[in-house]
Each structure stands twice: as structure tokens, then as C-alpha cells.
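Asker: model.csv is reproduced in full below (CSV, C-alpha atoms).
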chain,number,residue,atom,x,y,z
A,84,MET,CA,117.3,108.2,120.8
A,85,THR,CA,117.9,108.9,117.2
A,86,ALA,CA,117.1,106.3,114.5
A,87,PRO,CA,120.1,105.0,112.6
A,88,ALA,CA,120.8,106.6,109.3
A,89,GLU,CA,119.6,104.7,106.3
A,90,ARG,CA,122.1,103.1,104.0
A,91,THR,CA,122.8,105.2,100.8
A,92,GLY,CA,121.8,102.5,98.4
A,93,THR,CA,118.4,102.1,100.1
A,94,ASP,CA,117.1,105.5,99.1
A,95,GLN,CA,118.6,105.2,95.6
A,96,ASP,CA,117.2,101.8,95.2
A,97,LEU,CA,113.7,102.9,96.3
A,98,VAL,CA,113.7,105.8,93.8
A,99,LEU,CA,114.9,103.5,91.0
A,100,GLU,CA,112.3,100.9,91.8
A,101,TRP,CA,109.6,103.6,91.6
A,102,LEU,CA,111.0,104.7,88.2
A,103,ARG,CA,111.1,101.1,86.9
A,104,LYS,CA,107.4,100.7,87.9
A,105,LEU,CA,106.2,103.7,86.0
A,106,PRO,CA,104.2,102.7,82.8
A,107,ALA,CA,106.4,102.6,79.7
A,108,SER,CA,104.1,105.0,77.8
A,109,GLY,CA,100.9,107.0,78.3
A,110,GLU,CA,99.8,109.1,81.3
A,111,GLY,CA,102.4,109.2,84.1
A,112,SER,CA,104.9,107.2,82.0
A,113,PHE,CA,108.7,107.0,82.2
A,114,GLU,CA,108.8,108.5,78.6
A,115,GLY,CA,106.7,111.4,79.8
A,116,LEU,CA,108.8,111.9,82.9
A,117,VAL,CA,112.1,111.9,80.9
A,118,THR,CA,110.5,114.4,78.5
A,119,SER,CA,109.4,116.7,81.3
A,120,LEU,CA,112.9,116.5,83.0
A,121,LEU,CA,114.6,117.3,79.7
A,122,THR,CA,112.3,120.2,79.0
A,123,ARG,CA,113.0,121.7,82.5
A,124,LEU,CA,116.8,121.1,82.0
A,125,THR,CA,117.2,122.4,78.5
A,126,GLY,CA,114.5,125.1,78.3
A,127,CYS,CA,113.4,123.5,75.0
A,128,SER,CA,110.0,121.9,74.4
A,129,TRP,CA,110.3,118.1,74.3
A,130,ARG,CA,107.3,116.0,73.1
A,131,VAL,CA,106.6,112.3,73.4
A,132,ALA,CA,106.3,110.6,70.0
A,133,SER,CA,103.0,109.1,69.0
A,134,ALA,CA,102.5,105.3,69.3
A,135,GLY,CA,103.6,103.3,66.3
A,136,ALA,CA,106.8,103.6,64.2
A,137,GLN,CA,108.9,106.1,66.0
A,138,GLN,CA,112.1,106.2,63.9
A,139,GLY,CA,114.5,105.5,66.8
A,140,ARG,CA,113.1,107.9,69.3
A,141,ASP,CA,110.5,108.1,72.0
A,142,ALA,CA,110.5,111.9,72.1
A,143,GLY,CA,112.1,114.8,70.4
A,144,SER,CA,112.7,118.5,71.1
A,145,TYR,CA,111.5,121.0,68.7
A,146,PRO,CA,114.0,123.5,68.2
A,147,LEU,CA,115.0,126.9,69.3
A,148,GLY,CA,116.4,127.5,65.8
A,149,ASP,CA,117.8,124.6,63.8
A,150,ILE,CA,118.9,122.2,66.6
A,151,SER,CA,117.1,118.8,66.6
A,152,ARG,CA,117.3,116.4,69.5
A,153,MET,CA,115.8,113.0,70.2
A,154,VAL,CA,115.6,110.7,73.2
A,155,GLU,CA,115.2,106.9,73.4
A,156,CYS,CA,113.8,105.7,76.8
A,157,LYS,CA,114.5,102.3,78.3
A,158,ARG,CA,112.9,101.3,81.6
A,159,TYR,CA,114.8,98.2,82.6
A,160,SER,CA,115.5,96.4,85.9
A,161,ALA,CA,119.0,96.5,87.2
A,162,ASP,CA,119.8,93.0,86.0
A,163,THR,CA,118.5,93.5,82.4
A,164,PRO,CA,121.4,94.4,80.1
A,165,LEU,CA,121.0,96.9,77.4
A,166,ASP,CA,121.0,95.4,73.9
A,167,LYS,CA,123.8,97.1,71.9
A,168,THR,CA,122.5,95.9,68.5
A,169,GLU,CA,119.0,97.1,69.2
A,170,LEU,CA,120.2,100.5,70.4
A,171,LEU,CA,122.5,100.9,67.4
A,172,GLY,CA,119.5,100.2,65.3
A,173,LYS,CA,117.5,102.9,67.1
A,174,LEU,CA,120.3,105.4,66.5
A,175,VAL,CA,120.5,104.5,62.8
A,176,ASP,CA,116.7,104.8,62.5
A,177,ALA,CA,116.8,108.2,64.1
A,178,THR,CA,119.3,109.5,61.5
A,179,PRO,CA,117.9,108.8,58.0
A,180,ARG,CA,119.5,110.4,55.0
A,181,GLY,CA,118.6,114.1,54.7
A,182,HIS,CA,117.5,114.4,58.3
A,183,ALA,CA,119.7,116.7,60.4
A,184,LEU,CA,119.9,115.4,64.0
A,185,ASP,CA,122.2,117.1,66.4
A,186,ALA,CA,121.8,115.0,69.5
A,187,TRP,CA,120.4,111.6,70.5
A,188,VAL,CA,119.9,110.8,74.1
A,189,LEU,CA,119.6,107.4,75.7
A,190,ALA,CA,117.6,107.6,79.0
A,191,THR,CA,117.5,104.4,81.0
A,192,THR,CA,116.9,103.1,84.5
A,193,THR,CA,120.0,100.9,84.3
A,194,ARG,CA,123.7,101.6,83.8
A,195,VAL,CA,125.0,102.0,80.3
A,196,GLY,CA,128.0,99.8,80.1
A,197,ASP,CA,131.3,100.8,78.5
A,198,GLN,CA,130.8,98.7,75.3
A,199,VAL,CA,127.4,100.1,74.6
A,200,GLN,CA,128.5,103.6,75.4
A,201,LYS,CA,131.5,103.3,73.0
A,202,ALA,CA,129.5,101.7,70.2
A,203,LEU,CA,126.8,104.3,70.3
A,204,THR,CA,129.2,107.2,70.6
A,205,SER,CA,131.2,105.9,67.7
A,206,GLU,CA,128.1,105.4,65.5
A,207,GLY,CA,126.9,108.9,66.5
A,208,ARG,CA,130.3,110.4,65.6
A,209,GLU,CA,130.1,108.8,62.1
A,210,ARG,CA,126.7,110.2,61.6
A,211,GLY,CA,127.5,113.7,62.9
A,212,VAL,CA,125.3,113.2,66.0
A,213,PHE,CA,126.2,113.9,69.6
A,214,VAL,CA,125.2,111.0,71.8
A,215,GLU,CA,124.4,111.5,75.5
A,216,PHE,CA,123.4,109.2,78.3
A,217,VAL,CA,121.0,109.7,81.1
A,218,ASP,CA,121.5,106.6,83.2
A,219,VAL,CA,122.3,105.1,86.6
A,220,SER,CA,125.8,104.9,87.8
A,221,GLU,CA,127.1,102.4,90.2
A,222,GLY,CA,128.0,103.7,93.6
A,223,GLU,CA,127.1,107.3,92.8
A,224,PHE,CA,124.1,109.4,91.8
A,225,GLY,CA,124.3,109.1,88.0
A,226,ASN,CA,122.5,111.8,85.9
A,227,LEU,CA,119.1,110.1,85.9
A,228,LEU,CA,118.9,110.3,89.7
A,229,THR,CA,120.4,113.7,89.7
A,230,LEU,CA,117.6,115.0,87.4
A,231,VAL,CA,114.9,113.3,89.4
A,232,VAL,CA,116.2,114.5,92.8
A,233,GLY,CA,116.7,118.0,91.4
A,234,GLU,CA,113.0,118.1,90.3
A,235,ARG,CA,111.6,116.4,93.5
A,236,GLN,CA,109.5,119.4,94.4
A,237,ALA,CA,107.8,119.6,91.0
A,238,LEU,CA,107.3,115.8,91.1
A,239,ALA,CA,105.7,116.0,94.6
A,240,MET,CA,103.0,118.5,93.4
A,241,SER,CA,99.5,117.0,93.8
A,242,ASP,CA,98.7,117.5,90.1
A,243,SER,CA,101.9,115.9,88.9
A,244,PRO,CA,101.3,112.7,86.8
A,245,TRP,CA,104.5,111.4,88.3
A,246,ARG,CA,103.8,112.1,92.0
A,247,PRO,CA,105.8,109.5,93.9
A,248,PRO,CA,104.5,107.7,96.9
A,249,VAL,CA,105.3,109.2,100.3
A,250,ALA,CA,108.2,106.8,100.9
A,251,VAL,CA,109.8,107.8,97.6
A,252,ARG,CA,109.3,111.5,98.3
A,253,ARG,CA,111.1,111.1,101.6
A,254,ALA,CA,113.9,109.2,99.9
A,255,LEU,CA,114.2,112.0,97.4
A,256,GLU,CA,114.5,114.6,100.2
A,257,ARG,CA,117.1,112.5,102.0
A,258,LEU,CA,119.1,112.1,98.8
A,259,ALA,CA,118.9,115.9,98.2
A,260,ALA,CA,120.2,116.6,101.7
A,261,ARG,CA,123.4,114.6,101.1
A,262,ARG,CA,126.6,116.5,100.7
A,263,ASP,CA,127.6,114.4,97.7
A,264,PHE,CA,124.4,115.3,95.9
A,265,ALA,CA,125.5,118.9,95.7
A,266,GLY,CA,128.6,117.7,93.9
A,267,ALA,CA,126.5,115.5,91.5
A,268,ARG,CA,124.6,118.6,90.4
A,269,GLY,CA,127.9,120.1,89.3
Please express the file's structure as C-alpha cells.
Answerer:
Amino acid sequence: MTAPAERTGTDQDLVLEWLRKLPASGEGSFEGLVTSLLTRLTGCSWRVASAGAQQGRDAGSYPLGDISRMVECKRYSADTPLDKTELLGKLVDATPRGHALDAWVLATTTRVGDQVQKALTSEGRERGVFVEFVDVSEGEFGNLLTLVVGERQALAMSDSPWRPPVAVRRALERLAARRDFAGARG
């Protein structure tokens, strides 16, 4: 007899819970994981910012040429709303006069709502900065889970500082096997 298939939300929730429990900074942190995922995705070297005043970013990519990118990471529970005013302040801090910033990324373990997305995109447009979101979408993979599932084999390596527990690794494999995951990768 075959065991019943797990509900879709269960595997996604398990992975998100693991992400939300990663330390905010330091070894094996959410900031470090996002930086690693973005490095693998873009081919550019992303580095976590030092502790202290970070000028609206937790990490930045150091260019292939003149392109400058920064990422702000927010590791929140599903029921913690993003603070639009705080995030606008982070974007403003990341774009001081005379500093050319091409892209600012908000990476978060929660969903970026429409109002926050519009406000940040509008502010970015006024400053000449492309704003992108790596977040969790309701009822679908969202690009944060897509990146994590896509890099599951690298994360599972024994020397990975983000090596998930066995239950999370199994959930990542089940998510990767789903037909709709292939569509999420584009």
C-alpha cells in the first residue's frame, strides 16, 4: 500500500520554517544563503556587508564592469508584515547622492504585498534604481523557494553551512519533482 501524497503546502511550509530559523547573520545565516543563491544565479560575486551601519543593504555584488547591486534581507514569519516605511528608508540609504546603484533586491521569507511592492518600485524608479523582489508567493512557489529548490543539491552537501535537516532535504526533493516546479523555473 502506498502512503498518501503529502499536501503541497506542507513541503513549502517546512522549507520556509527552516529558512525562518536560520540565524539572521553570521555563519549559516539567511543573509549568507541569499548571497550564495544570488552569486550562483547571476555569476557575480555577492558579499555580505560587515556588521554596523550598512547603508540600506545586507550584501552587495561587486561588479563585472560598472553594475552595482545591493540586497536587503528580511527573515520574517508568515504573519509579520513588512514595514513599508522602514524598507523605503533602506532603499533611500542605499542610494546616497553620487553613488550609482543599478539594482536593489529585497529578499524575504514572507510575501511582499502590493502596496510595499508599488512603493519601493516607484521610489526606485525616481532614483534610477531597478527594484526586484525575492519573496514567497501565496499558493505558488515564489522566487525564493524556486532558488532554494533549484540549489537543493549544493545545500545538501556536507560542507554547506546551510545544510538543511533530512526532513527539509526530502521536502526539497519532493518540491523539485513536482510538475509545477519546472514551470516556476521558467
Asker: Which one of A:Ala250, A:Leu174, A:Ala259, A:Leu99 sits closest to Glu209 in chain A if you count only C-alpha atoms?
Answerer: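 Between A:Ala250, A:Leu174, A:Ala259, A:Leu99, the residue approaching Glu209 in chain A most closely is A:Leu174.
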Asker: What is the CA of Ala177 in chain A to CA of Met153 in chain A distance in Å?
Answerer: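 Between CA of Ala177 in chain A and CA of Met153 in chain A the gap works out to 7.8 Å.
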Asker: Can you tell me, as a PDB file with C-alpha atoms, in the coordinates of the input, what residues are no more than 10 Å from range 212-228 of chain A when counting all atoms listed in the file, ignoring any on the same chain fewer than 4 positions away?
Answerer:
ATOM      1  CA  THR A  91     122.800 105.200 100.800  1.00  0.00           C
ATOM      2  CA  GLY A  92     121.800 102.500  98.400  1.00  0.00           C
ATOM      3  CA  GLN A  95     118.600 105.200  95.600  1.00  0.00           C
ATOM      4  CA  VAL A  98     113.700 105.800  93.800  1.00  0.00           C
ATOM      5  CA  LEU A  99     114.900 103.500  91.000  1.00  0.00           C
ATOM      6  CA  LEU A 102     111.000 104.700  88.200  1.00  0.00           C
ATOM      7  CA  VAL A 117     112.100 111.900  80.900  1.00  0.00           C
ATOM      8  CA  LEU A 120     112.900 116.500  83.000  1.00  0.00           C
ATOM      9  CA  SER A 151     117.100 118.800  66.600  1.00  0.00           C
ATOM     10  CA  ARG A 152     117.300 116.400  69.500  1.00  0.00           C
ATOM     11  CA  MET A 153     115.800 113.000  70.200  1.00  0.00           C
ATOM     12  CA  VAL A 154     115.600 110.700  73.200  1.00  0.00           C
ATOM     13  CA  GLU A 155     115.200 106.900  73.400  1.00  0.00           C
ATOM     14  CA  CYS A 156     113.800 105.700  76.800  1.00  0.00           C
ATOM     15  CA  LYS A 157     114.500 102.300  78.300  1.00  0.00           C
ATOM     16  CA  ALA A 161     119.000  96.500  87.200  1.00  0.00           C
ATOM     17  CA  LEU A 174     120.300 105.400  66.500  1.00  0.00           C
ATOM     18  CA  THR A 178     119.300 109.500  61.500  1.00  0.00           C
ATOM     19  CA  ALA A 183     119.700 116.700  60.400  1.00  0.00           C
ATOM     20  CA  LEU A 184     119.900 115.400  64.000  1.00  0.00           C
ATOM     21  CA  ASP A 185     122.200 117.100  66.400  1.00  0.00           C
ATOM     22  CA  ALA A 186     121.800 115.000  69.500  1.00  0.00           C
ATOM     23  CA  TRP A 187     120.400 111.600  70.500  1.00  0.00           C
ATOM     24  CA  VAL A 188     119.900 110.800  74.100  1.00  0.00           C
ATOM     25  CA  LEU A 189     119.600 107.400  75.700  1.00  0.00           C
ATOM     26  CA  ALA A 190     117.600 107.600  79.000  1.00  0.00           C
ATOM     27  CA  THR A 191     117.500 104.400  81.000  1.00  0.00           C
ATOM     28  CA  THR A 192     116.900 103.100  84.500  1.00  0.00           C
ATOM     29  CA  THR A 193     120.000 100.900  84.300  1.00  0.00           C
ATOM     30  CA  ARG A 194     123.700 101.600  83.800  1.00  0.00           C
ATOM     31  CA  VAL A 195     125.000 102.000  80.300  1.00  0.00           C
ATOM     32  CA  GLY A 196     128.000  99.800  80.100  1.00  0.00           C
ATOM     33  CA  GLN A 200     128.500 103.600  75.400  1.00  0.00           C
ATOM     34  CA  LEU A 203     126.800 104.300  70.300  1.00  0.00           C
ATOM     35  CA  THR A 204     129.200 107.200  70.600  1.00  0.00           C
ATOM     36  CA  SER A 205     131.200 105.900  67.700  1.00  0.00           C
ATOM     37  CA  GLU A 206     128.100 105.400  65.500  1.00  0.00           C
ATOM     38  CA  GLY A 207     126.900 108.900  66.500  1.00  0.00           C
ATOM     39  CA  ARG A 208     130.300 110.400  65.600  1.00  0.00           C
ATOM     40  CA  VAL A 232     116.200 114.500  92.800  1.00  0.00           C
ATOM     41  CA  GLY A 233     116.700 118.000  91.400  1.00  0.00           C
ATOM     42  CA  GLU A 234     113.000 118.100  90.300  1.00  0.00           C
ATOM     43  CA  LEU A 255     114.200 112.000  97.400  1.00  0.00           C
ATOM     44  CA  LEU A 258     119.100 112.100  98.800  1.00  0.00           C
ATOM     45  CA  ASP A 263     127.600 114.400  97.700  1.00  0.00           C
ATOM     46  CA  PHE A 264     124.400 115.300  95.900  1.00  0.00           C
ATOM     47  CA  GLY A 266     128.600 117.700  93.900  1.00  0.00           C
ATOM     48  CA  ALA A 267     126.500 115.500  91.500  1.00  0.00           C
ATOM     49  CA  ARG A 268     124.600 118.600  90.400  1.00  0.00           C
TER      50      ARG A 268
END
Asker: When distances are computed from only C-alpha atoms, which of A:Glu256, A:Val249, A:Leu97, A:Lys167 shows the smallest separation from Gln236 in chain A?
Answerer: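 Among A:Glu256, A:Val249, A:Leu97, A:Lys167, it is A:Glu256 that comes nearest to Gln236 in chain A.
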Asker: What is the distance between CA of Gly172 in chain A and CA of Ser128 in chain A, in Å to one decimal?
Answerer: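 Result for CA of Gly172 in chain A versus CA of Ser128 in chain A: 25.4 Å, one decimal.
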Asker: Separation of CA of Ser119 in chain A and CA of Ser243 in chain A, in Å?
Answerer: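 Separation of CA of Ser119 in chain A and CA of Ser243 in chain A: 10.7 Å.
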Asker: Need the neighbours of (105.7, 112.0, 96.5): which residues are at most 9 Å away, counting only C-alpha atoms, as an MDAnalysis selection string?
Answerer: chainID A and resid 235:236 238:241 245:253 255
Asker: Would you please work out which residue, of A:Ser144, A:Thr125, A:Ala202, A:Thr93, is nearest to Thr168 in chain A when using only C-alpha atoms?
Answerer: A:Ala202
Asker: Restricting the calculation to all atoms listed in the file: of A:Thr122, A:Gln198, A:Thr229, A:Ser160, which residue gets closest to Glu100 in chain A?
Answerer: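 Once distances to Glu100 in chain A are computed over all atoms listed in the file, the minimum belongs to A:Ser160.
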